[in-house]
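Below is query_27.csv, which holds CSV, C-alpha atoms.
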```
chain,number,residue,atom,x,y,z
E,1333,MET,CA,-69.6,-62.4,-0.5
E,1334,TYR,CA,-67.4,-60.1,-2.5
E,1335,GLU,CA,-64.6,-60.1,0.0
E,1336,LYS,CA,-64.7,-63.8,0.3
E,1337,HIS,CA,-64.8,-64.6,-3.4
E,1338,LYS,CA,-63.1,-61.7,-5.2
E,1339,ASP,CA,-60.2,-63.9,-6.1
E,1340,GLN,CA,-62.4,-66.5,-7.7
E,1341,ALA,CA,-64.8,-64.3,-9.6
E,1342,ASP,CA,-65.1,-60.7,-10.9
E,1343,PHE,CA,-67.8,-58.6,-9.3
E,1344,TYR,CA,-69.3,-55.5,-10.7
E,1345,LEU,CA,-71.8,-53.1,-9.5
E,1346,ILE,CA,-73.4,-51.6,-12.6
E,1347,TYR,CA,-74.7,-48.2,-11.6
E,1348,THR,CA,-77.8,-47.3,-13.6
E,1349,LYS,CA,-80.3,-44.5,-13.7
E,1350,GLU,CA,-81.9,-43.7,-10.4
E,1351,ALA,CA,-84.8,-45.9,-9.4
E,1352,HIS,CA,-86.4,-43.1,-7.3
E,1353,ALA,CA,-84.9,-39.8,-8.5
E,1354,SER,CA,-85.9,-36.8,-6.4
E,1355,ASP,CA,-87.4,-35.1,-9.4
E,1356,GLY,CA,-89.2,-38.2,-10.6
E,1357,ASN,CA,-92.6,-39.5,-10.0
E,1358,ARG,CA,-91.7,-41.5,-6.9
E,1359,PRO,CA,-88.8,-39.8,-5.2
E,1360,SER,CA,-86.9,-41.7,-2.6
E,1361,SER,CA,-87.5,-40.7,1.0
E,1362,LYS,CA,-83.9,-41.6,1.9
E,1363,VAL,CA,-81.6,-40.1,-0.7
E,1364,ASP,CA,-81.9,-36.9,-2.7
E,1365,ILE,CA,-80.5,-37.5,-6.1
E,1366,LYS,CA,-82.0,-36.0,-9.2
E,1367,THR,CA,-82.3,-37.7,-12.6
E,1368,HIS,CA,-78.8,-37.8,-14.0
E,1369,THR,CA,-78.5,-35.5,-17.0
E,1370,ASN,CA,-75.0,-36.5,-18.0
E,1371,ILE,CA,-72.5,-39.1,-17.2
E,1372,GLU,CA,-70.7,-36.9,-14.8
E,1373,GLU,CA,-73.8,-36.7,-12.6
E,1374,ARG,CA,-74.2,-40.4,-12.8
E,1375,ALA,CA,-70.6,-40.9,-11.8
E,1376,ALA,CA,-71.1,-38.4,-8.9
E,1377,ALA,CA,-74.2,-40.3,-7.7
E,1378,ALA,CA,-72.4,-43.6,-7.9
E,1379,SER,CA,-69.4,-42.2,-6.0
E,1380,SER,CA,-71.7,-40.9,-3.2
E,1381,CYS,CA,-73.4,-44.2,-3.0
E,1382,LEU,CA,-70.1,-46.1,-2.7
E,1383,ALA,CA,-68.8,-43.7,-0.2
E,1384,ASP,CA,-71.9,-43.6,2.0
E,1385,LEU,CA,-72.4,-47.3,2.0
E,1386,GLU,CA,-68.7,-48.1,2.2
E,1387,ILE,CA,-69.0,-50.3,-0.9
E,1388,THR,CA,-65.7,-51.6,-2.3
E,1389,ILE,CA,-67.1,-53.6,-5.2
E,1390,PRO,CA,-65.7,-52.3,-8.5
E,1391,THR,CA,-68.4,-50.2,-10.2
E,1392,LEU,CA,-69.3,-49.7,-13.8
E,1393,LEU,CA,-71.4,-46.9,-15.1
E,1394,ASP,CA,-74.2,-47.5,-17.5
E,1395,ASP,CA,-74.2,-44.9,-20.3
E,1396,MET,CA,-76.8,-42.2,-20.6
E,1397,ASN,CA,-78.8,-44.3,-23.0
E,1398,ASP,CA,-79.1,-46.9,-20.2
E,1399,THR,CA,-77.9,-49.4,-22.7
E,1400,ILE,CA,-76.7,-52.1,-20.3
E,1401,ALA,CA,-79.8,-51.8,-18.1
E,1402,LYS,CA,-82.0,-52.2,-21.1
E,1403,ALA,CA,-80.1,-55.1,-22.5
E,1404,TYR,CA,-80.4,-56.9,-19.2
E,1405,ALA,CA,-84.0,-55.6,-18.4
E,1406,SER,CA,-82.5,-54.8,-15.0
E,1407,HIS,CA,-84.4,-51.7,-13.8
E,1408,PRO,CA,-84.5,-51.0,-10.9
E,1409,ASP,CA,-82.2,-53.7,-9.7
E,1410,ARG,CA,-81.3,-57.2,-10.6
E,1411,LEU,CA,-78.6,-59.9,-10.2
E,1412,PHE,CA,-76.8,-61.9,-12.9
E,1413,ILE,CA,-73.9,-64.2,-13.1
E,1414,LEU,CA,-71.9,-64.6,-16.3
E,1415,GLY,CA,-70.0,-67.8,-16.6
E,1416,ALA,CA,-66.3,-68.1,-17.7
E,1417,ASP,CA,-67.7,-69.2,-21.1
E,1418,GLY,CA,-69.3,-65.8,-21.6
E,1419,LYS,CA,-72.8,-67.1,-21.2
E,1420,VAL,CA,-75.4,-66.2,-18.7
E,1421,ALA,CA,-75.1,-68.6,-15.8
E,1422,PHE,CA,-77.7,-67.0,-13.5
E,1423,SER,CA,-80.5,-64.6,-14.4
E,1424,GLY,CA,-82.2,-63.3,-11.3
E,1425,GLU,CA,-85.7,-62.0,-11.2
E,1426,LYS,CA,-86.3,-58.3,-11.5
E,1427,GLY,CA,-86.1,-56.2,-8.3
E,1428,PRO,CA,-87.2,-55.0,-5.9
E,1429,HIS,CA,-89.2,-58.0,-4.9
E,1430,GLY,CA,-87.5,-60.4,-7.2
E,1431,PHE,CA,-84.1,-59.4,-6.1
E,1432,ASN,CA,-82.8,-62.4,-4.3
E,1433,PRO,CA,-79.1,-62.4,-3.2
E,1434,SER,CA,-79.6,-65.8,-1.6
E,1435,ALA,CA,-80.6,-67.4,-4.8
E,1436,MET,CA,-77.7,-65.8,-6.6
E,1437,LYS,CA,-75.3,-67.0,-3.9
E,1438,LYS,CA,-76.6,-70.5,-4.2
E,1439,ALA,CA,-76.1,-70.4,-7.9
E,1440,PHE,CA,-72.7,-68.8,-7.5
E,1441,ASP,CA,-71.5,-71.6,-5.1
E,1442,GLN,CA,-72.5,-74.2,-7.6
E,1443,ILE,CA,-70.7,-72.5,-10.4
E,1444,ILE,CA,-67.4,-72.0,-8.6
E,1445,GLN,CA,-67.3,-75.5,-7.2
A,147,MET,CA,-85.2,-49.7,-4.2
A,148,GLY,CA,-81.5,-49.3,-5.0
A,149,ILE,CA,-78.1,-50.4,-4.1
A,150,ALA,CA,-78.6,-49.6,-0.4
A,151,THR,CA,-81.2,-52.2,-0.2
A,152,SER,CA,-79.4,-54.5,-2.6
A,153,VAL,CA,-76.3,-54.5,-0.4
A,154,ALA,CA,-78.3,-55.0,2.8
A,155,PHE,CA,-80.2,-57.8,1.2
A,156,ALA,CA,-77.0,-59.8,0.9
A,157,GLN,CA,-77.7,-60.6,4.5
A,158,GLN,CA,-81.4,-61.0,4.4
A,159,GLN,CA,-84.1,-61.7,1.9
A,160,LYS,CA,-87.8,-62.5,1.7
A,161,PRO,CA,-89.7,-59.2,1.1
A,162,SER,CA,-93.1,-58.9,2.7
A,163,LYS,CA,-96.0,-60.0,0.5
A,164,PRO,CA,-98.8,-57.6,-0.5
A,165,ASP,CA,-102.4,-58.1,0.4
A,166,GLN,CA,-104.3,-60.0,-2.1
A,167,GLY,CA,-107.4,-58.2,-1.2
A,168,GLY,CA,-108.9,-58.0,-4.7
A,169,ALA,CA,-112.0,-60.0,-5.7
A,170,LYS,CA,-111.3,-63.0,-7.8
A,171,ARG,CA,-114.3,-62.3,-10.1
A,172,GLY,CA,-115.6,-59.4,-12.0
A,173,LYS,CA,-114.0,-57.2,-14.5
A,174,PRO,CA,-110.3,-56.7,-13.7
A,175,THR,CA,-109.5,-53.1,-12.9
A,176,TRP,CA,-106.3,-51.1,-12.1
A,177,GLU,CA,-107.8,-50.5,-8.7
A,178,ARG,CA,-107.6,-54.2,-8.0
A,179,VAL,CA,-104.3,-54.9,-9.7
A,180,SER,CA,-102.6,-51.9,-8.2
A,181,LYS,CA,-102.9,-53.5,-4.8
A,182,HIS,CA,-100.0,-55.7,-5.9
A,183,ASP,CA,-97.8,-52.6,-6.5
A,184,THR,CA,-95.9,-53.0,-3.3
A,185,ASP,CA,-93.1,-50.6,-4.2
A,186,LYS,CA,-95.7,-48.0,-5.4
A,187,ASP,CA,-93.9,-47.2,-8.6
A,188,GLY,CA,-97.0,-47.1,-10.6
A,189,LYS,CA,-96.7,-50.5,-12.2
A,190,VAL,CA,-97.1,-54.1,-11.1
A,191,THR,CA,-94.3,-56.4,-12.1
A,192,LYS,CA,-94.4,-60.1,-12.5
A,193,ALA,CA,-92.6,-60.5,-9.2
A,194,GLU,CA,-95.2,-58.3,-7.4
A,195,PHE,CA,-98.3,-59.8,-9.0
A,196,LYS,CA,-99.7,-62.6,-6.9
A,197,GLY,CA,-102.6,-63.6,-9.2
A,198,PRO,CA,-102.6,-66.3,-11.9
A,199,GLU,CA,-99.8,-66.2,-14.4
A,200,MET,CA,-102.3,-66.2,-17.2
A,201,ALA,CA,-103.9,-63.1,-15.8
A,202,PHE,CA,-100.6,-61.3,-15.7
A,203,THR,CA,-99.9,-62.3,-19.3
A,204,ARG,CA,-103.2,-61.0,-20.4
A,205,PHE,CA,-103.0,-57.7,-18.5
A,206,ASP,CA,-99.4,-57.0,-19.6
A,207,SER,CA,-100.4,-56.2,-23.1
A,208,ASN,CA,-97.1,-54.8,-24.3
A,209,LYS,CA,-95.2,-57.7,-22.7
A,210,ASP,CA,-92.7,-55.6,-20.9
A,211,GLY,CA,-92.9,-57.5,-17.7
A,212,ALA,CA,-95.1,-54.9,-15.9
A,213,ILE,CA,-98.8,-54.0,-15.8
A,214,THR,CA,-99.7,-50.4,-15.9
A,215,GLU,CA,-102.9,-48.4,-15.4
A,216,GLU,CA,-103.0,-47.6,-19.0
A,217,GLU,CA,-102.9,-51.3,-20.0
A,218,MET,CA,-105.7,-52.0,-17.6
A,219,LYS,CA,-107.9,-49.2,-19.0
A,220,ASN,CA,-107.3,-50.6,-22.5
A,221,LEU,CA,-107.7,-54.2,-21.6
A,222,ALA,CA,-109.4,-56.2,-24.4
A,223,PRO,CA,-112.3,-58.4,-23.5
A,224,ARG,CA,-111.2,-61.9,-22.7
A,225,SER,CA,-111.4,-64.2,-25.7
A,226,GLY,CA,-110.7,-67.5,-24.1
A,227,GLY,CA,-107.6,-68.6,-22.2
A,228,LYS,CA,-104.5,-67.5,-23.8
A,229,GLY,CA,-102.3,-69.7,-21.7
A,230,GLU,CA,-99.0,-68.7,-23.2
A,231,GLY,CA,-97.1,-70.1,-20.4
A,232,LYS,CA,-94.2,-67.8,-20.4
A,233,GLY,CA,-92.4,-69.2,-17.5
A,234,GLU,CA,-90.3,-67.0,-15.3
A,235,ARG,CA,-90.2,-63.9,-17.4
A,236,GLY,CA,-92.4,-62.6,-20.2
A,237,GLY,CA,-91.2,-62.2,-23.8
A,238,LYS,CA,-89.0,-65.1,-24.2
A,239,GLY,CA,-86.6,-64.9,-27.1
A,240,LYS,CA,-87.0,-61.1,-27.3
A,241,GLY,CA,-84.3,-58.6,-27.1
A,242,GLU,CA,-81.5,-61.1,-27.2
A,243,GLY,CA,-78.4,-61.5,-29.2
A,244,LYS,CA,-78.8,-58.4,-31.3
A,245,GLY,CA,-75.1,-58.2,-32.0
A,246,GLU,CA,-72.4,-55.8,-31.0
A,247,ARG,CA,-73.6,-52.9,-28.9
A,248,GLY,CA,-71.3,-50.3,-27.4
A,249,GLY,CA,-72.5,-49.4,-24.0
A,250,LYS,CA,-69.8,-46.8,-23.7
A,251,LYS,CA,-70.5,-45.3,-27.0
A,252,GLY,CA,-74.2,-44.9,-26.3
A,253,GLY,CA,-75.3,-47.0,-29.3
A,254,GLN,CA,-78.7,-48.3,-30.1
A,255,SER,CA,-81.0,-48.1,-27.2
A,256,GLN,CA,-82.0,-51.7,-27.1
A,257,ASP,CA,-85.1,-52.2,-25.0
A,258,ALA,CA,-85.0,-55.8,-23.8
A,259,THR,CA,-88.4,-56.8,-22.5
A,260,SER,CA,-86.8,-59.7,-20.8
A,261,ALA,CA,-83.5,-60.4,-19.4
A,262,PRO,CA,-81.0,-62.7,-21.1
A,263,GLU,CA,-81.8,-66.2,-20.1
A,264,VAL,CA,-79.4,-68.8,-18.6
A,265,GLY,CA,-77.3,-70.3,-21.4
A,266,ALA,CA,-77.6,-67.2,-23.6
A,267,ALA,CA,-74.5,-65.4,-24.6
A,268,ALA,CA,-74.0,-62.3,-22.5
A,269,PRO,CA,-75.0,-59.1,-24.3
A,270,GLN,CA,-72.0,-57.7,-26.1
A,271,LEU,CA,-71.6,-54.5,-24.1
A,272,LYS,CA,-68.8,-52.5,-22.6
A,273,ALA,CA,-68.8,-50.1,-19.7
A,274,GLN,CA,-66.4,-47.7,-18.1
A,275,LYS,CA,-65.2,-48.3,-14.7
A,276,LEU,CA,-66.1,-45.6,-12.2
A,277,GLY,CA,-63.1,-43.4,-11.4
A,278,SER,CA,-61.0,-45.0,-14.1
A,279,GLU,CA,-60.3,-44.9,-17.8
A,280,GLU,CA,-60.6,-48.7,-17.9
A,281,ILE,CA,-63.3,-50.2,-20.1
A,282,VAL,CA,-64.7,-53.5,-19.1
A,283,ASP,CA,-66.0,-55.7,-21.9
A,284,LEU,CA,-69.0,-57.6,-20.4
A,285,GLY,CA,-69.4,-59.5,-23.6
A,286,LYS,CA,-66.0,-61.1,-23.3
A,287,VAL,CA,-65.7,-62.3,-19.8
A,288,ASN,CA,-63.4,-65.3,-19.2
A,289,LYS,CA,-64.0,-65.6,-15.5
A,290,THR,CA,-67.2,-66.1,-13.5
A,291,THR,CA,-68.6,-62.6,-13.2
A,292,VAL,CA,-71.3,-61.3,-10.9
A,293,LEU,CA,-73.3,-58.3,-12.0
A,294,ILE,CA,-75.3,-56.3,-9.5
A,295,PHE,CA,-77.5,-53.7,-11.1
A,296,GLY,CA,-78.9,-50.8,-9.2
A,297,SER,CA,-78.8,-47.2,-8.0
A,298,TYR,CA,-78.5,-45.3,-4.8
A,299,SER,CA,-82.2,-44.4,-4.7
```
This entry written out as structure tokens:
Amino acid sequence: MYEKHKDQADFYLIYTKEAHASDGNRPSSKVDIKTHTNIEERAAAASSCLADLEITIPTLLDDMNDTIAKAYASHPDRLFILGADGKVAFSGEKGPHGFNPSAMKKAFDQIIQ
Amino acid sequence: MGIATSVAFAQQQKPSKPDQGGAKRGKPTWERVSKHDTDKDGKVTKAEFKGPEMAFTRFDSNKDGAITEEEMKNLAPRSGGKGEGKGERGGKGKGEGKGERGGKKGGQSQDATSAPEVGAAAPQLKAQKLGSEEIVDLGKVNKTTVLIFGSYS
């Protein structure tokens, strides 16, 4: 979707605190990343993620107060579309089970028509 | 779940549904409610909860969109249907439009209990691009902008 539409819209991955940090209550069984203690660690985790998954979507870092994630109530993952008017055009359900790329794509297709 | 699943999900969707094995009567307990905790993160979100919406609203006493064991332990006796009808996400009209916040500057830690709704102005926040000095102002977009929140784990 990003590759197809990157000229029509901006796409940003917003990298937040780890959903399943290895030193947290429910560590991931797939990746070993500790709770970020500073922005450099967050940046390193994000970089690993992008490299390992070959993600090319521009990525933003949430600050260490998790300001953006909190404002969007996004933890652990969530999708949004902002319209060209600066207003929220699509507000997805909270992940993991509410995370629905198909619903987001459907909304996106309608918006960019 | 994090970005790995998020990216993979671009091609697929429809997570499996949890058992709804709990009894429909009797005092609600964390033991019953926790069966909906499909990602085993210790809380049951609105998306995970498959019971009646009114029940979720009642159990989620702090209206943060998730039921915890603590809330179930402290659950007040039912006093007749509350029926707040919150729609898709709890806490409508909360945590929205609180004015300028500098994400980069680590300003006020605004805990939104619900996401900004469709039609609302995007939160006035900025963020630094990874690997760059560039600051992106998410509160001043002038182009359709897709935001994907997540982490590697």
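The smallest atom-to-atom distance between Ala267 in chain A and any of E:Thr1367, E:Ser1423, E:Gln1445, E:Ser1434, using all atoms listed in the file, is found for E:Ser1423.
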Would you mind listing, for every residue of chain E within 6 Å of chain A, the two atoms forming the shortest contact and the distance between them in Å to one decimal, using all atoms listed in the file, sorted by chain and ascending residue number, as a Markdown table?
```
| residue | atom | partner | partner_atom | distance |
| --- | --- | --- | --- | --- |
| E:Ala1341 | CA | A:Thr290 | CA | 4.9 |
| E:Asp1342 | CA | A:Thr291 | CA | 4.6 |
| E:Phe1343 | CA | A:Val292 | CA | 4.7 |
| E:Tyr1344 | CA | A:Leu293 | CA | 5.1 |
| E:Leu1345 | CA | A:Ile294 | CA | 4.7 |
| E:Ile1346 | CA | A:Phe295 | CA | 4.8 |
| E:Tyr1347 | CA | A:Gly296 | CA | 5.5 |
| E:Thr1348 | CA | A:Ser297 | CA | 5.7 |
| E:Glu1350 | CA | A:Ser297 | CA | 5.3 |
| E:Ala1351 | CA | A:Ser299 | CA | 5.6 |
| E:His1352 | CA | A:Ser299 | CA | 5.1 |
| E:Ser1360 | CA | A:Ser299 | CA | 5.8 |
| E:Val1363 | CA | A:Ser299 | CA | 5.9 |
| E:Cys1381 | CA | A:Tyr298 | CA | 5.5 |
| E:Thr1391 | CA | A:Leu276 | CA | 5.5 |
| E:Leu1392 | CA | A:Lys275 | CA | 4.4 |
| E:Leu1393 | CA | A:Gln274 | CA | 5.9 |
| E:Asp1395 | CA | A:Lys250 | CA | 5.9 |
| E:Asn1397 | CA | A:Gly252 | CA | 5.7 |
| E:Thr1399 | CA | A:Gly249 | CA | 5.6 |
| E:Lys1402 | CA | A:Asp257 | CA | 5.0 |
| E:Ala1403 | CA | A:Ala258 | CA | 5.1 |
| E:Tyr1404 | CA | A:Ala261 | CA | 4.7 |
| E:Ala1405 | CA | A:Ala261 | CA | 4.9 |
| E:Pro1408 | CA | A:Gly296 | CA | 5.9 |
| E:Asp1409 | CA | A:Gly296 | CA | 4.4 |
| E:Arg1410 | CA | A:Phe295 | CA | 5.2 |
| E:Leu1411 | CA | A:Ile294 | CA | 4.9 |
| E:Phe1412 | CA | A:Leu293 | CA | 5.1 |
| E:Ile1413 | CA | A:Val292 | CA | 4.5 |
| E:Leu1414 | CA | A:Thr291 | CA | 4.9 |
| E:Gly1415 | CA | A:Thr290 | CA | 4.5 |
| E:Ala1416 | CA | A:Lys289 | CA | 4.0 |
| E:Gly1418 | CA | A:Val287 | CA | 5.3 |
| E:Lys1419 | CA | A:Ala267 | CA | 4.2 |
| E:Val1420 | CA | A:Val264 | CA | 4.8 |
| E:Ala1421 | CA | A:Val264 | CA | 5.1 |
| E:Phe1422 | CA | A:Val264 | CA | 5.7 |
| E:Pro1428 | CA | A:Met147 | CA | 5.9 |
| E:Gly1430 | CA | A:Ala193 | CA | 5.5 |
| E:Pro1433 | CA | A:Ala156 | CA | 5.3 |
```
- Quick one: everything within 8 Å of range 217-219 of chain A, counting all atoms listed in the file, minus sequence neighbours fewer than 4 positions away in the same chain. Send it as a ChimeraX atom specification. /A:174-176,205-207,213
Output file for the residues above (C-alpha atoms, as a PDB file, in the coordinates of the input):
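Just written: again.pdb:
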```
ATOM      1  CA  PRO A 174    -110.300 -56.700 -13.700  1.00  0.00           C
ATOM      2  CA  THR A 175    -109.500 -53.100 -12.900  1.00  0.00           C
ATOM      3  CA  TRP A 176    -106.300 -51.100 -12.100  1.00  0.00           C
ATOM      4  CA  PHE A 205    -103.000 -57.700 -18.500  1.00  0.00           C
ATOM      5  CA  ASP A 206     -99.400 -57.000 -19.600  1.00  0.00           C
ATOM      6  CA  SER A 207    -100.400 -56.200 -23.100  1.00  0.00           C
ATOM      7  CA  ILE A 213     -98.800 -54.000 -15.800  1.00  0.00           C
TER       8      ILE A 213
END
```
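Between CA of Leu1382 in chain E and CA of Tyr1334 in chain E lies a distance of 14.3 Å.
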